[in-house]
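Here's the structure, in structure tokens; my notes come after.
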Amino acid sequence: MSKIQPLGDPARHFWMTRSMARVLGLSLSEAMADGRLSQKGYADLVTRCRQCHHVAACEHWLGQQGGHAEAAPECCVHAQLFHSLKDEARRA
């Protein structure tokens, strides 16, 4: 039998997801408008963030970036997706 894991606050993780994308030079709104990210995909980003165990480390990392970073921290569950979206935006 699996243990049910409580999810983090939706508003907190919504803003953390957007902040991570912004620091990486990504606009999730533009990615949705361009068809690179679906509405469900966006919602899934926030849900996965809500499940993450590295919230404090993520918030600390975001606070240290000065508004820009080339790559997400290794602990970010979205690191690979953000990297892919960034590459797709460059090619477009």
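How things are named: the first chain in the structure tokens is A, the next is B, and so on; residues count from 1 in each chain; ligands count from 1 in the order shown.
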**Request:** May I have the residues within 12 Å of A:Cys75 as a list in words, using only C-alpha atoms and disregarding those fewer than 5 positions away in the same chain?
**Result:**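 Returned residues: Cys49, Cys52, His53, His54, Val55, Ala56, Ala57, Cys58, Glu59, Trp61 and Gln80 of chain A.
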Keeping only N, CA and C atoms, write the selected residues to a file as a tab-separated table (two decimals), in the first residue's frame.
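As written to disk, part00.tsv reads:
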chain	number	residue	atom	x	y	z
A	49	CYS	N	5.77	20.36	-9.39
A	49	CYS	CA	6.47	21.24	-8.45
A	49	CYS	C	5.87	21.06	-7.05
A	52	CYS	N	7.43	18.25	-5.13
A	52	CYS	CA	8.88	18.27	-4.95
A	52	CYS	C	9.29	18.37	-3.48
A	53	HIS	N	10.41	17.72	-3.15
A	53	HIS	CA	10.95	17.74	-1.80
A	53	HIS	C	12.07	18.77	-1.64
A	54	HIS	N	12.36	19.53	-2.69
A	54	HIS	CA	13.49	20.47	-2.68
A	54	HIS	C	13.04	21.93	-2.69
A	55	VAL	N	11.90	22.21	-2.10
A	55	VAL	CA	11.32	23.56	-2.15
A	55	VAL	C	12.26	24.60	-1.55
A	56	ALA	N	12.78	24.34	-0.37
A	56	ALA	CA	13.66	25.31	0.29
A	56	ALA	C	14.92	25.55	-0.55
A	57	ALA	N	15.51	24.48	-1.08
A	57	ALA	CA	16.71	24.62	-1.91
A	57	ALA	C	16.39	25.40	-3.18
A	58	CYS	N	15.24	25.16	-3.75
A	58	CYS	CA	14.83	25.85	-4.97
A	58	CYS	C	14.64	27.35	-4.69
A	59	GLU	N	13.93	27.66	-3.63
A	59	GLU	CA	13.72	29.07	-3.29
A	59	GLU	C	15.05	29.77	-3.01
A	61	TRP	N	18.01	28.91	-4.27
A	61	TRP	CA	18.68	29.04	-5.56
A	61	TRP	C	18.10	30.20	-6.36
A	80	GLN	N	15.05	19.40	-17.27
A	80	GLN	CA	15.15	18.92	-18.66
A	80	GLN	C	14.10	19.57	-19.55
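Residues in contact with stretch 39-46 of chain A at 6 Å, where only C-alpha atoms are counted and same-chain residues fewer than 2 positions away are skipped, are listed as A:His13, A:Phe14, A:Leu37, A:Arg48, A:Cys49.
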Mind dumping the selected residues with N, CA and C atoms as a CSV table (one decimal), in the first residue's frame?
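As a result, result04.csv now contains:
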chain,number,residue,atom,x,y,z
A,13,HIS,N,3.6,27.2,-5.6
A,13,HIS,CA,4.3,26.4,-6.6
A,13,HIS,C,4.0,27.0,-8.0
A,14,PHE,N,2.9,27.6,-8.2
A,14,PHE,CA,2.6,28.3,-9.4
A,14,PHE,C,3.7,29.4,-9.6
A,37,LEU,N,3.9,24.3,-25.4
A,37,LEU,CA,3.5,23.8,-24.1
A,37,LEU,C,2.0,23.9,-24.1
A,48,ARG,N,3.7,18.9,-10.5
A,48,ARG,CA,5.0,18.2,-10.2
A,48,ARG,C,5.8,19.0,-9.2
A,49,CYS,N,5.8,20.4,-9.4
A,49,CYS,CA,6.5,21.2,-8.4
A,49,CYS,C,5.9,21.1,-7.0
**Message:** Which residue is closest to A:Gln5? Choose from A:Gln65, A:Thr17, A:Gln51, A:Ser84 and count only C-alpha atoms.
**Reply:**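 That would be A:Gln51, the residue with the smallest distance to A:Gln5.
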**Prompt:** Between A:Leu85, A:Ala69, A:Ala11, A:Ile4, which has the minimum distance to A:Ser29 (counting only C-alpha atoms)?
**Reply:**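 Smallest separation from A:Ser29 among the options: A:Leu85.
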Would you list the contacts of A:Ala92 as a compact mmCIF listing (two decimals) with C-alpha atoms, in the first residue's frame, taking every protein, DNA or RNA residue within 10 Å and counting only C-alpha atoms, but skipping same-chain residues closer than 4 positions in sequence?
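Wrote it out as around_28.txt, contents follow:
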# COMPACT_ATOMS: atom_id res chain seq x y z
CA ASP A 34 3.46 29.08 -29.65
CA ASP A 87 16.26 25.19 -27.11
CA GLU A 88 12.98 25.17 -29.03
**Request:** For atom CA of A:Glu70 and atom CA of A:Asp9, quote the distance in Å rounded to one decimal.
**Result:**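 Interatomic distance here is 27.1 Å.
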**Prompt:** Tell me, which residues of stretch 46-91 of chain A carry DSSP alpha helix (DSSP H), written as a ChimeraX atom specification?
**Reply:** /A:46-50,55-64,79-91
**Message:** Between A:Arg90, A:Ser2, A:Gly66, A:Arg36, which residue has the minimum interatomic distance to A:Arg22, considering only C-alpha atoms?
**Reply:**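 Closest to A:Arg22 of all the choices is A:Gly66.
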**Request:** Calculate how many Å separate atom CA of A:Lys86 from atom CA of A:Leu7, rounding to one decimal.
**Result:** 27.3 Å
**Item:** Given only C-alpha atoms as the counted atoms, nearest of A:Leu81, A:Met32, A:Leu62, A:Ala89 to A:Trp15
**Value:**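 Selected residue with least distance to A:Trp15: A:Leu62.
Taking atom CA of A:Gly8 as the reference point, atom CA of A:Ala71 is found at 23.7 Å.
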**Request:** Might you pull out every residue within 8 Å of A:Ala72, with only C-alpha atoms counted and same-chain residues fewer than 5 positions away left off, and present them as a ChimeraX atom specification?
**Result:** /A:20,24,78-79,82-83
**Message:** Using only C-alpha atoms for the distances, tell me which of A:Thr47, A:His60, A:His68, A:Pro10 is nearest to A:Leu26.
**Reply:** A:His68
